[in-house]
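Chemist: Here it is, the structure, as structure tokens.
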Amino acid sequence: ITLKHISKERSHKTTLMLRKKGLIKKIFEFSTMCGVEACLIVYDNGNNGDVAPLTCPRDPTVVHSILQKYESKKNNEKSHKNFGIQDFF
């Protein structure tokens with residue numbers, strides 16, 4: 001698959017909108033099927049140049065809750081040793 005920039009602005013925006021919808025659907029399915037909390041944050045340049053995040057779930061309090069849980073877990077865990085292929089064998 002060759003990835004390239006979509007130069008036509010209308011096609012670019014349409015493709016971005018469809019991909020965002022697909023990501024939102026996948027994060028919802030992942031969360032539901034695995035029984036876990038999941039969060040998606042996508043930044044998109046708005047029409048007036050502002051960068052506005054799109055979040056899933058849409059409720060900002062839920063997003064903040066998930067992010068706080070992640071940060072507290074990350075801070076409490078000790079760094080893991082990296083294992084190479086030689087360590088495995």
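Letters A, B, ... mark the chains of the structure tokens in the order given; residue numbers begin at 1 per chain; ligand numbers begin at 1, in order shown.
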Name the residues in contact with Val62 (chain A) at a cut-off of 12 Å, using only C-alpha atoms, excluding same-chain residues fewer than 4 positions from it; report them as a PyMOL selection string.
Modeler: chain A and resi 37-40+55-58+66-69
Chemist: What are the DSSP alpha helix (DSSP H) residues of chain A, as number ranges by chain?
Modeler: A: 9-34, 60-76, 85-88
Chemist: DSSP on the backbone: which residues in chain A end up as strand (DSSP E or B)? Give the answer as a VMD selection string.
Modeler: chain A and resid 40 to 45 51 to 56
Chemist: In Å, with one decimal, what is the gap from CA of Lys21 (chain A) to CA of Lys74 (chain A)?
Modeler: 29.0 Å
